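Visitor: Pasting upload15.csv here (CSV, C-alpha atoms and all ligand atoms):
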chain,number,residue,atom,x,y,z
A,1,MET,CA,-8.4,177.9,106.7
A,2,THR,CA,-10.3,174.6,107.1
A,3,ASN,CA,-9.2,171.2,106.0
A,4,HIS,CA,-9.5,170.0,102.4
A,5,GLU,CA,-11.5,166.8,102.3
A,6,GLY,CA,-9.2,164.9,100.0
A,7,ILE,CA,-6.0,165.1,102.0
A,8,GLY,CA,-5.4,164.6,105.7
A,9,ILE,CA,-2.6,166.1,107.6
A,10,ARG,CA,-0.9,164.9,110.8
A,11,ILE,CA,2.1,165.6,112.9
A,12,THR,CA,4.4,162.6,112.5
A,13,GLY,CA,7.4,163.8,114.6
A,14,THR,CA,8.6,166.6,116.9
A,15,GLY,CA,12.1,167.6,117.9
A,16,SER,CA,14.0,170.4,119.7
A,17,TYR,CA,17.5,171.5,120.4
A,18,LEU,CA,18.6,173.9,123.2
A,19,PRO,CA,22.2,175.1,123.3
A,20,GLU,CA,24.2,173.8,126.3
A,21,LYS,CA,25.3,177.2,127.7
A,22,ILE,CA,22.9,178.4,130.4
A,23,LEU,CA,22.7,182.1,131.2
A,24,SER,CA,21.0,182.6,134.6
A,25,ASN,CA,19.3,185.8,135.9
A,26,LYS,CA,22.1,185.8,138.6
A,27,GLU,CA,24.7,186.1,135.9
A,28,LEU,CA,22.8,188.9,134.2
A,29,GLU,CA,22.9,190.8,137.4
A,30,GLY,CA,26.6,191.1,136.8
A,31,MET,CA,26.1,192.3,133.2
A,32,VAL,CA,23.4,195.0,133.5
A,33,ASP,CA,21.6,196.9,136.3
A,34,THR,CA,18.9,194.2,137.0
A,35,THR,CA,18.0,191.7,139.6
A,36,ASP,CA,16.8,188.1,139.5
A,37,GLU,CA,13.8,189.2,141.5
A,38,TRP,CA,12.8,191.9,138.9
A,39,ILE,CA,13.2,189.5,136.0
A,40,GLN,CA,11.2,186.7,137.7
A,41,THR,CA,8.4,188.9,138.9
A,42,ARG,CA,7.9,190.7,135.6
A,43,THR,CA,8.6,187.8,133.2
A,44,GLY,CA,8.8,184.4,135.0
A,45,ILE,CA,12.1,183.8,133.3
A,46,VAL,CA,14.8,182.2,135.5
A,47,GLU,CA,17.4,181.3,132.8
A,48,ARG,CA,17.9,181.1,129.1
A,49,ARG,CA,20.2,179.3,126.7
A,50,ILE,CA,23.0,180.9,124.6
A,51,ALA,CA,24.3,179.3,121.4
A,52,ALA,CA,28.0,178.9,120.8
A,53,ASP,CA,29.8,181.3,118.4
A,54,ASP,CA,30.0,178.6,115.7
A,55,GLN,CA,26.2,177.8,116.0
A,56,PRO,CA,24.1,180.1,113.8
A,57,SER,CA,20.3,179.6,113.8
A,58,SER,CA,20.5,176.9,111.1
A,59,ALA,CA,22.8,174.8,113.2
A,60,LEU,CA,20.2,174.8,116.1
A,61,GLY,CA,17.4,174.2,113.6
A,62,ALA,CA,19.3,171.3,112.0
A,63,LEU,CA,19.8,169.5,115.3
A,64,ALA,CA,16.1,170.0,116.2
A,65,SER,CA,15.2,168.7,112.7
A,66,LEU,CA,17.2,165.5,113.0
A,67,ASN,CA,15.5,164.9,116.3
A,68,ALA,CA,12.0,165.4,114.7
A,69,LEU,CA,12.9,163.2,111.7
A,70,ASP,CA,14.1,160.4,114.0
A,71,ALA,CA,10.7,160.6,115.9
A,72,ALA,CA,8.9,160.5,112.6
A,73,GLY,CA,10.9,157.5,111.4
A,74,LEU,CA,11.8,159.5,108.2
A,75,THR,CA,15.1,160.2,106.5
A,76,PRO,CA,16.1,163.7,105.4
A,77,GLU,CA,15.6,162.6,101.8
A,78,ASP,CA,11.9,161.9,102.6
A,79,ILE,CA,11.3,165.6,103.2
A,80,ASP,CA,10.1,167.6,100.2
A,81,LEU,CA,9.5,170.9,102.0
A,82,ILE,CA,11.4,172.8,104.6
A,83,ILE,CA,10.1,176.1,106.0
A,84,VAL,CA,12.0,177.9,108.7
A,85,ALA,CA,10.6,180.6,111.0
A,86,THR,CA,13.3,183.0,112.1
A,87,ILE,CA,14.1,186.6,112.8
A,88,SER,CA,17.8,185.8,113.4
A,89,PRO,CA,18.6,184.3,110.0
A,90,ASP,CA,22.1,183.0,109.3
A,91,LYS,CA,22.4,185.7,106.6
A,92,ILE,CA,20.1,188.3,105.1
A,93,PHE,CA,20.0,185.8,102.2
A,94,PRO,CA,20.0,183.0,101.2
A,95,ASN,CA,17.1,181.9,103.3
A,96,THR,CA,17.9,179.9,106.5
A,97,ALA,CA,15.9,176.9,105.3
A,98,CYS,CA,18.5,176.3,102.6
A,99,PHE,CA,21.2,176.2,105.3
A,100,VAL,CA,19.1,173.7,107.3
A,101,GLN,CA,18.7,171.7,104.1
A,102,LYS,CA,22.4,171.6,103.6
A,103,ARG,CA,23.2,170.7,107.1
A,104,ILE,CA,20.8,167.7,107.2
A,105,GLY,CA,21.2,166.6,103.6
A,106,ALA,CA,17.5,167.0,102.7
A,107,SER,CA,18.3,167.1,99.0
A,108,ASN,CA,14.7,166.7,97.8
A,109,ALA,CA,13.2,169.7,99.6
A,110,THR,CA,11.9,173.0,98.5
A,111,CYS,CA,13.2,175.5,101.1
A,112,PHE,CA,12.1,179.0,102.2
A,113,SER,CA,11.9,181.0,105.4
A,114,VAL,CA,9.2,183.2,106.9
A,115,GLU,CA,9.8,186.3,108.9
A,116,ALA,CA,6.8,186.6,111.2
A,117,ALA,CA,8.7,187.1,114.4
A,118,CYS,CA,7.3,185.3,117.4
A,119,SER,CA,4.2,184.2,115.3
A,120,GLY,CA,6.6,182.6,112.9
A,121,PHE,CA,5.8,179.0,113.9
A,122,VAL,CA,2.0,179.3,113.8
A,123,TYR,CA,2.5,180.9,110.3
A,124,ILE,CA,4.7,178.1,108.9
A,125,MET,CA,2.4,175.5,110.4
A,126,ALA,CA,-0.6,177.0,108.5
A,127,ILE,CA,1.5,177.5,105.3
A,128,GLY,CA,3.0,173.9,105.5
A,129,ALA,CA,-0.5,172.5,106.0
A,130,ALA,CA,-1.9,174.5,103.1
A,131,LEU,CA,0.9,173.4,100.8
A,132,ILE,CA,0.4,169.7,101.7
A,133,ARG,CA,-3.3,170.1,101.0
A,134,THR,CA,-2.4,171.1,97.4
A,135,GLY,CA,-1.1,167.5,96.9
A,136,LEU,CA,2.3,168.8,95.9
A,137,TYR,CA,4.1,168.0,99.1
A,138,SER,CA,4.0,164.9,101.4
A,139,HIS,CA,6.4,165.6,104.3
A,140,ALA,CA,7.0,169.2,105.5
A,141,LEU,CA,9.7,169.9,108.0
A,142,LEU,CA,8.7,173.0,109.9
A,143,VAL,CA,11.5,174.6,111.9
A,144,GLY,CA,11.5,177.5,114.4
A,145,ALA,CA,15.2,178.4,114.9
A,146,GLU,CA,16.5,181.5,116.7
A,147,LYS,CA,19.9,182.8,117.8
A,148,LEU,CA,18.4,185.9,119.3
A,149,SER,CA,21.6,186.5,121.3
A,150,SER,CA,23.0,187.7,118.0
A,151,ILE,CA,20.5,190.6,117.7
A,152,ILE,CA,20.2,191.6,121.4
A,153,ASN,CA,21.9,194.6,122.9
A,154,TRP,CA,23.6,193.1,125.9
A,155,ASN,CA,23.8,196.5,127.5
A,156,ASP,CA,20.0,197.2,127.3
A,157,ARG,CA,18.5,195.7,130.4
A,158,SER,CA,14.9,196.3,129.1
A,159,THR,CA,15.4,193.6,126.4
A,160,CYS,CA,18.5,191.5,127.1
A,161,VAL,CA,16.8,189.7,130.0
A,162,LEU,CA,13.9,188.5,127.9
A,163,PHE,CA,15.3,186.5,125.1
A,164,GLY,CA,17.2,183.3,124.5
A,165,ASP,CA,18.4,180.8,121.8
A,166,GLY,CA,16.9,177.5,120.7
A,167,ALA,CA,15.1,175.6,118.0
A,168,GLY,CA,12.1,173.3,117.6
A,169,ALA,CA,10.9,171.3,114.7
A,170,VAL,CA,7.8,169.5,113.6
A,171,VAL,CA,7.3,167.0,110.7
A,172,LEU,CA,3.8,167.5,109.1
A,173,SER,CA,2.8,164.7,106.8
A,174,ALA,CA,0.0,164.0,104.3
A,175,CYS,CA,-2.3,161.1,105.4
A,176,ALA,CA,-5.6,159.6,104.6
A,177,PRO,CA,-8.5,162.1,105.2
A,178,GLU,CA,-9.9,160.0,108.0
A,179,ASP,CA,-6.6,160.2,109.9
A,180,ASN,CA,-6.5,164.0,109.6
A,181,THR,CA,-5.6,165.8,112.9
A,182,TYR,CA,-5.0,169.3,111.6
A,183,LEU,CA,-8.2,171.2,112.2
A,184,TYR,CA,-7.9,174.9,111.7
A,185,SER,CA,-5.5,177.9,111.4
A,186,LYS,CA,-6.2,181.6,111.9
A,187,LEU,CA,-3.5,184.1,111.0
A,188,GLY,CA,-3.6,187.9,111.2
A,189,SER,CA,-1.3,190.9,110.8
A,190,ASP,CA,-1.4,194.7,111.5
A,191,GLY,CA,1.3,196.7,109.8
A,192,ASN,CA,0.4,199.8,111.7
A,193,TYR,CA,2.6,198.6,114.5
A,194,THR,CA,5.9,197.9,112.7
A,195,ASP,CA,7.8,200.2,115.0
A,196,ILE,CA,6.9,198.8,118.4
A,197,LEU,CA,9.0,195.6,118.0
A,198,HIS,CA,11.7,195.7,115.4
A,199,VAL,CA,15.4,195.9,114.4
A,200,PRO,CA,15.6,199.4,113.1
A,201,GLY,CA,18.8,199.3,111.0
A,202,GLY,CA,20.8,197.0,108.8
A,203,GLY,CA,18.0,196.4,106.2
A,204,SER,CA,17.3,198.3,103.0
A,205,ALA,CA,15.5,201.1,104.8
A,206,ILE,CA,18.6,202.0,106.9
A,207,PRO,CA,21.5,200.0,105.4
A,208,PHE,CA,24.2,198.9,107.6
A,209,SER,CA,26.8,201.6,108.2
A,210,ALA,CA,29.1,203.1,110.8
A,211,ASP,CA,26.1,205.2,112.0
A,212,VAL,CA,23.9,202.1,112.4
A,213,LEU,CA,26.7,200.6,114.5
A,214,LYS,CA,27.3,203.8,116.5
A,215,ASN,CA,23.6,204.3,117.2
A,216,GLU,CA,23.0,200.6,117.9
A,217,LEU,CA,20.2,200.3,115.3
A,218,HIS,CA,21.1,196.7,114.5
A,219,TYR,CA,19.7,195.5,117.8
A,220,LEU,CA,16.2,194.4,118.7
A,221,ASN,CA,14.1,197.3,120.0
A,222,MET,CA,10.8,197.0,121.8
A,223,SER,CA,8.1,199.1,123.5
A,224,GLY,CA,7.4,196.5,126.1
A,225,GLN,CA,4.1,197.8,127.6
A,226,GLU,CA,2.5,198.4,124.2
A,227,VAL,CA,3.5,194.9,123.0
A,228,PHE,CA,2.1,193.4,126.2
A,229,LYS,CA,-1.4,194.8,125.7
A,230,LEU,CA,-1.6,193.9,122.0
A,231,ALA,CA,-0.2,190.4,122.7
A,232,VAL,CA,-3.0,189.5,125.1
A,233,ASN,CA,-5.7,191.0,122.9
A,234,THR,CA,-4.5,189.3,119.7
A,235,MET,CA,-3.8,185.9,121.2
A,236,VAL,CA,-7.2,185.8,122.9
A,237,ALA,CA,-9.0,186.8,119.7
A,238,ALA,CA,-7.1,184.3,117.5
A,239,ALA,CA,-7.8,181.5,120.1
A,240,VAL,CA,-11.5,182.3,120.3
A,241,GLU,CA,-11.9,182.5,116.5
A,242,THR,CA,-10.1,179.2,116.0
A,243,MET,CA,-12.1,177.3,118.6
A,244,GLU,CA,-15.4,178.7,117.2
A,245,ALA,CA,-14.5,177.9,113.6
A,246,ALA,CA,-13.6,174.3,114.6
A,247,ASN,CA,-16.7,174.0,116.8
A,248,VAL,CA,-14.8,173.2,120.0
A,249,THR,CA,-15.0,174.9,123.4
A,250,LYS,CA,-12.4,176.0,125.9
A,251,ASP,CA,-13.3,172.9,128.0
A,252,ASP,CA,-12.3,170.6,125.1
A,253,ILE,CA,-8.7,172.0,125.0
A,254,ARG,CA,-6.2,169.7,126.7
A,255,TRP,CA,-3.2,172.0,126.0
A,256,LEU,CA,-3.0,175.7,125.3
A,257,VAL,CA,0.5,176.1,123.9
A,258,PRO,CA,1.1,179.9,123.9
A,259,HIS,CA,4.1,181.7,122.6
A,260,GLN,CA,6.5,181.9,125.5
A,261,ALA,CA,7.2,185.6,126.0
A,262,ASN,CA,6.5,185.9,129.7
A,263,THR,CA,4.3,184.3,132.3
A,264,ARG,CA,2.2,187.4,132.9
A,265,ILE,CA,1.1,187.4,129.3
A,266,ILE,CA,0.3,183.7,129.4
A,267,HIS,CA,-1.6,184.1,132.7
A,268,SER,CA,-3.7,187.0,131.2
A,269,VAL,CA,-4.5,185.0,128.1
A,270,ALA,CA,-5.6,181.9,130.0
A,271,LYS,CA,-7.7,184.1,132.4
A,272,ARG,CA,-9.4,185.9,129.5
A,273,LEU,CA,-10.1,182.6,127.8
A,274,ASP,CA,-11.4,181.3,131.2
A,275,MET,CA,-9.1,178.3,131.0
A,276,PRO,CA,-7.4,176.8,134.0
A,277,LEU,CA,-3.7,177.8,134.1
A,278,GLU,CA,-2.7,174.1,134.5
A,279,ARG,CA,-3.8,173.6,130.9
A,280,ALA,CA,-1.5,176.3,129.6
A,281,TYR,CA,2.0,174.9,128.9
A,282,ILE,CA,4.8,177.1,130.3
A,283,ASN,CA,8.5,176.7,129.9
A,284,VAL,CA,9.6,180.3,129.5
A,285,ASP,CA,11.3,180.0,132.9
A,286,LYS,CA,13.9,177.7,131.4
A,287,TYR,CA,14.5,179.2,128.0
A,288,GLY,CA,13.2,182.8,127.9
A,289,ASN,CA,11.6,184.0,124.7
A,290,THR,CA,13.1,182.2,121.7
A,291,SER,CA,10.6,183.9,119.3
A,292,GLY,CA,9.7,181.5,116.4
A,293,ALA,CA,11.1,178.5,118.4
A,294,THR,CA,9.1,178.7,121.6
A,295,ILE,CA,6.0,176.8,120.3
A,296,PRO,CA,7.8,173.8,118.6
A,297,ILE,CA,10.1,173.5,121.7
A,298,ALA,CA,7.0,173.5,124.0
A,299,LEU,CA,5.2,171.0,121.7
A,300,ASP,CA,8.2,168.7,121.7
A,301,GLU,CA,8.4,168.8,125.5
A,302,ILE,CA,4.7,167.9,125.7
A,303,VAL,CA,5.2,165.0,123.4
A,304,ARG,CA,8.4,163.6,124.9
A,305,ASN,CA,7.1,163.9,128.4
A,306,GLY,CA,4.0,161.9,127.4
A,307,LEU,CA,1.6,164.7,128.3
A,308,VAL,CA,-0.6,164.4,125.2
A,309,SER,CA,-2.8,161.4,124.2
A,310,LYS,CA,-4.6,160.5,121.0
A,311,GLY,CA,-7.8,162.6,120.6
A,312,ASP,CA,-6.5,165.5,122.8
A,313,TYR,CA,-7.1,169.0,121.4
A,314,VAL,CA,-4.0,171.2,121.3
A,315,LEU,CA,-4.3,174.9,120.6
A,316,LEU,CA,-1.1,176.7,119.5
A,317,VAL,CA,-1.4,180.5,119.8
A,318,ALA,CA,1.2,183.3,119.2
A,319,PHE,CA,1.8,187.0,118.6
A,320,GLY,CA,4.9,188.8,117.5
A,321,GLY,CA,6.5,191.7,115.7
A,322,GLY,CA,4.7,193.0,112.7
A,323,LEU,CA,2.3,192.8,114.4
A,324,THR,CA,1.5,189.3,113.5
A,325,TRP,CA,-0.6,186.7,115.4
A,326,GLY,CA,-2.2,183.4,114.8
A,327,ALA,CA,-3.5,180.1,116.1
A,328,ASN,CA,-3.5,176.4,115.0
A,329,LEU,CA,-5.8,173.7,116.3
A,330,ILE,CA,-4.7,170.1,116.3
A,331,ARG,CA,-6.6,167.0,117.4
A,332,TRP,CA,-3.8,164.7,118.5
B,401,LIG,N1,15.8,195.1,135.5
B,401,LIG,C1,15.4,196.1,136.3
B,401,LIG,N2,14.6,197.1,136.0
B,401,LIG,C2,14.2,197.2,134.7
B,401,LIG,C3,14.6,196.2,133.7
B,401,LIG,C4,15.4,195.1,134.2
B,401,LIG,N3,15.8,194.2,133.4
B,401,LIG,N4,14.0,196.5,132.6
B,401,LIG,C5,13.3,197.7,132.7
B,401,LIG,N5,13.5,198.1,134.0
B,401,LIG,C6,12.9,199.2,134.7
B,401,LIG,C7,12.5,200.3,133.7
B,401,LIG,O1,13.7,201.1,133.5
B,401,LIG,C8,11.5,201.1,134.5
B,401,LIG,O2,12.1,201.9,135.4
B,401,LIG,P1,11.6,203.3,135.8
B,401,LIG,O3,10.2,203.1,136.4
B,401,LIG,O4,12.6,203.9,136.8
B,401,LIG,O5,11.5,204.1,134.5
B,401,LIG,C9,10.8,200.0,135.3
B,401,LIG,O6,11.7,198.8,135.3
B,401,LIG,C10,9.5,199.6,134.7
B,401,LIG,O7,9.7,199.4,133.3
B,401,LIG,P2,8.5,198.9,132.3
B,401,LIG,O8,9.0,198.8,130.9
B,401,LIG,O9,7.3,199.8,132.6
B,401,LIG,O10,8.2,197.5,132.9
B,401,LIG,P3,7.0,196.5,132.6
B,401,LIG,O11,6.3,196.3,133.9
B,401,LIG,O12,6.2,197.0,131.5
B,401,LIG,O13,7.8,195.2,132.3
B,401,LIG,C11,8.4,194.0,130.3
B,401,LIG,C12,8.6,195.2,131.1
B,401,LIG,C13,8.7,192.7,131.1
B,401,LIG,C14,9.3,194.0,129.1
B,401,LIG,C15,6.9,193.9,129.9
B,401,LIG,O14,6.5,195.2,129.3
B,401,LIG,C16,6.6,192.9,128.9
B,401,LIG,O15,6.6,191.7,129.2
B,401,LIG,N6,6.2,193.3,127.6
B,401,LIG,C17,6.0,192.3,126.6
B,401,LIG,C18,7.3,192.0,126.0
B,401,LIG,C19,7.3,190.8,125.1
B,401,LIG,O16,6.6,189.9,125.4
B,401,LIG,N7,7.9,190.9,124.0
B,401,LIG,C20,7.9,189.7,123.2
B,401,LIG,C21,8.1,190.2,121.9
B,401,LIG,S1,7.6,189.0,120.7
B,401,LIG,C22,8.7,189.1,119.4
B,401,LIG,O17,8.2,189.1,118.3
B,401,LIG,C23,10.1,189.2,119.6
Could I get this file's structure written as structure tokens?
Ligand code: ACO
Guide:
Amino acid sequence: MTNHEGIGIRITGTGSYLPEKILSNKELEGMVDTTDEWIQTRTGIVERRIAADDQPSSALGALASLNALDAAGLTPEDIDLIIVATISPDKIFPNTACFVQKRIGASNATCFSVEAACSGFVYIMAIGAALIRTGLYSHALLVGAEKLSSIINWNDRSTCVLFGDGAGAVVLSACAPEDNTYLYSKLGSDGNYTDILHVPGGGSAIPFSADVLKNELHYLNMSGQEVFKLAVNTMVAAAVETMEAANVTKDDIRWLVPHQANTRIIHSVAKRLDMPLERAYINVDKYGNTSGATIPIALDEIVRNGLVSKGDYVLLVAFGGGLTWGANLIRW
């Protein structure tokens, strides 16, 4: 997907929201048979945030959105498109973007959600950019919002230590072609791996029932090692293809913003790309894996901490359940 010559696209605002409640590895030691040392060594995670009972994903997403709108100098009514990336929707339907719309009062927006797991944000960035390029939309609010604590089995030590709650948002706006900063997107999927990272029950394949509850099929289930290998391969391939298509080299990239699943995956990706680790943004230590929200949260931290300057190349790259993967290249 390259840029259409007639319409430019740029990021006009970023925002994020992390719930107040912190759950540390130490506290997890009292909940399951694990240790702070195991979690930190295998994942780099130190703590994660947990949303309040009355905060579904849309509530987290709405707060991140208001933050991003403020940064963009726009009102909710200026937004004509809201896309939410989430695997922890408020309800099976209606889509979570409609709940975000209602919460922020974005009465002029078309709303839908995308279910591409941890790649969700790179997917909605590509979709939002493509829709703006049609000329039909001017300001897209792209939101990664997850309350993963609601689909985690808190008795399963192999998954409960990995995930957290949070939301990030980006406003993508149409602009003059000469001001374009959105360079390229690459998305991919492989449906042969639908079983290695999934919530087995509660959908139309295995509708919710007493058996689903008894067998705990409504929780996230993952084959960790298989996911690990595929994650590294797919992220590296997407990053390389994107840089090649945009004619930039690894040395041009100021920030690699990878999906934050664990530091070992990020280190492996940076190593395979032969990029210095200092240029890979890492905050998984503070928030764990917030799936579709990790990349916009990281991007917002980079922006708010003044770590990116005009002209810097920023490469977003992710993988997730599906499998899905993808990358977006932005010249700030
Ligand atoms: N604390 C202590 N021990 C644990 C824990 C824990 N929290 N979890 C598992 N173990 C044990 C296992 O039971 C196993 O014990 P055994 O050898 O006695 O059988 C041992 O640790 C090793 O288990 P592995 O699963 O082999 O551990 P591994 O080194 O692969 O690390 C991990 C596990 C961290 C999950 C790793 O595989 C990984 O990071 N995978 C990628 C996961 C990921 O990124 N998922 C993101 C999904 S993206 C999305 O779309 C949601």
Visitor: How would you report the residues lying within 9 Å of ligand LIG 401 (chain B), as a PyMOL selection string, if you count all atoms listed in the file?
Guide: chain A and resi 28-29+32-39+41-43+87+116-120+148+156-163+197-198+220+222-229+231+259-265+289-292+318-324
Visitor: For a quick check of understanding, using only C-alpha atoms, which of A:Ser185, A:Thr14, A:Ala176, A:Tyr193 has the smallest distance to Ala71 in chain A?
Guide: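 Of A:Ser185, A:Thr14, A:Ala176, A:Tyr193, the one nearest Ala71 in chain A is A:Thr14, counting only C-alpha atoms.
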Visitor: Rounded to one decimal, what separation in Å do you get between CA of Gly164 in chain A and CA of Val84 in chain A?
Guide: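 CA of Val84 in chain A lies 17.5 Å from CA of Gly164 in chain A.
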Visitor: Quote the spacing between CA of Val236 in chain A and CA of Ala270 in chain A in Å to one decimal place.
Guide: 8.3 Å
Visitor: What lies within 9 Å of range 327-329 of chain A using all atoms listed in the file, ignoring chain neighbours under 4 positions off, as a list in words?
Guide: Ser119, Val122, Tyr123, Met125, Ala126, Thr181, Tyr182, Leu183, Tyr184, Ser185, Lys186, Leu187, Met235, Ala238, Ala239, Glu241, Thr242, Met243, Ala246, Tyr313, Val314, Leu315, Leu316, Val317 and Ala318 of chain A
Visitor: Find the residue from A:Ile22, A:Gly191, A:Ile295, A:Thr110 that sits nearest to Leu136 in chain A; use all atoms listed in the file when measuring.
Guide: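 Among the listed residues, A:Thr110 lies closest to Leu136 in chain A.
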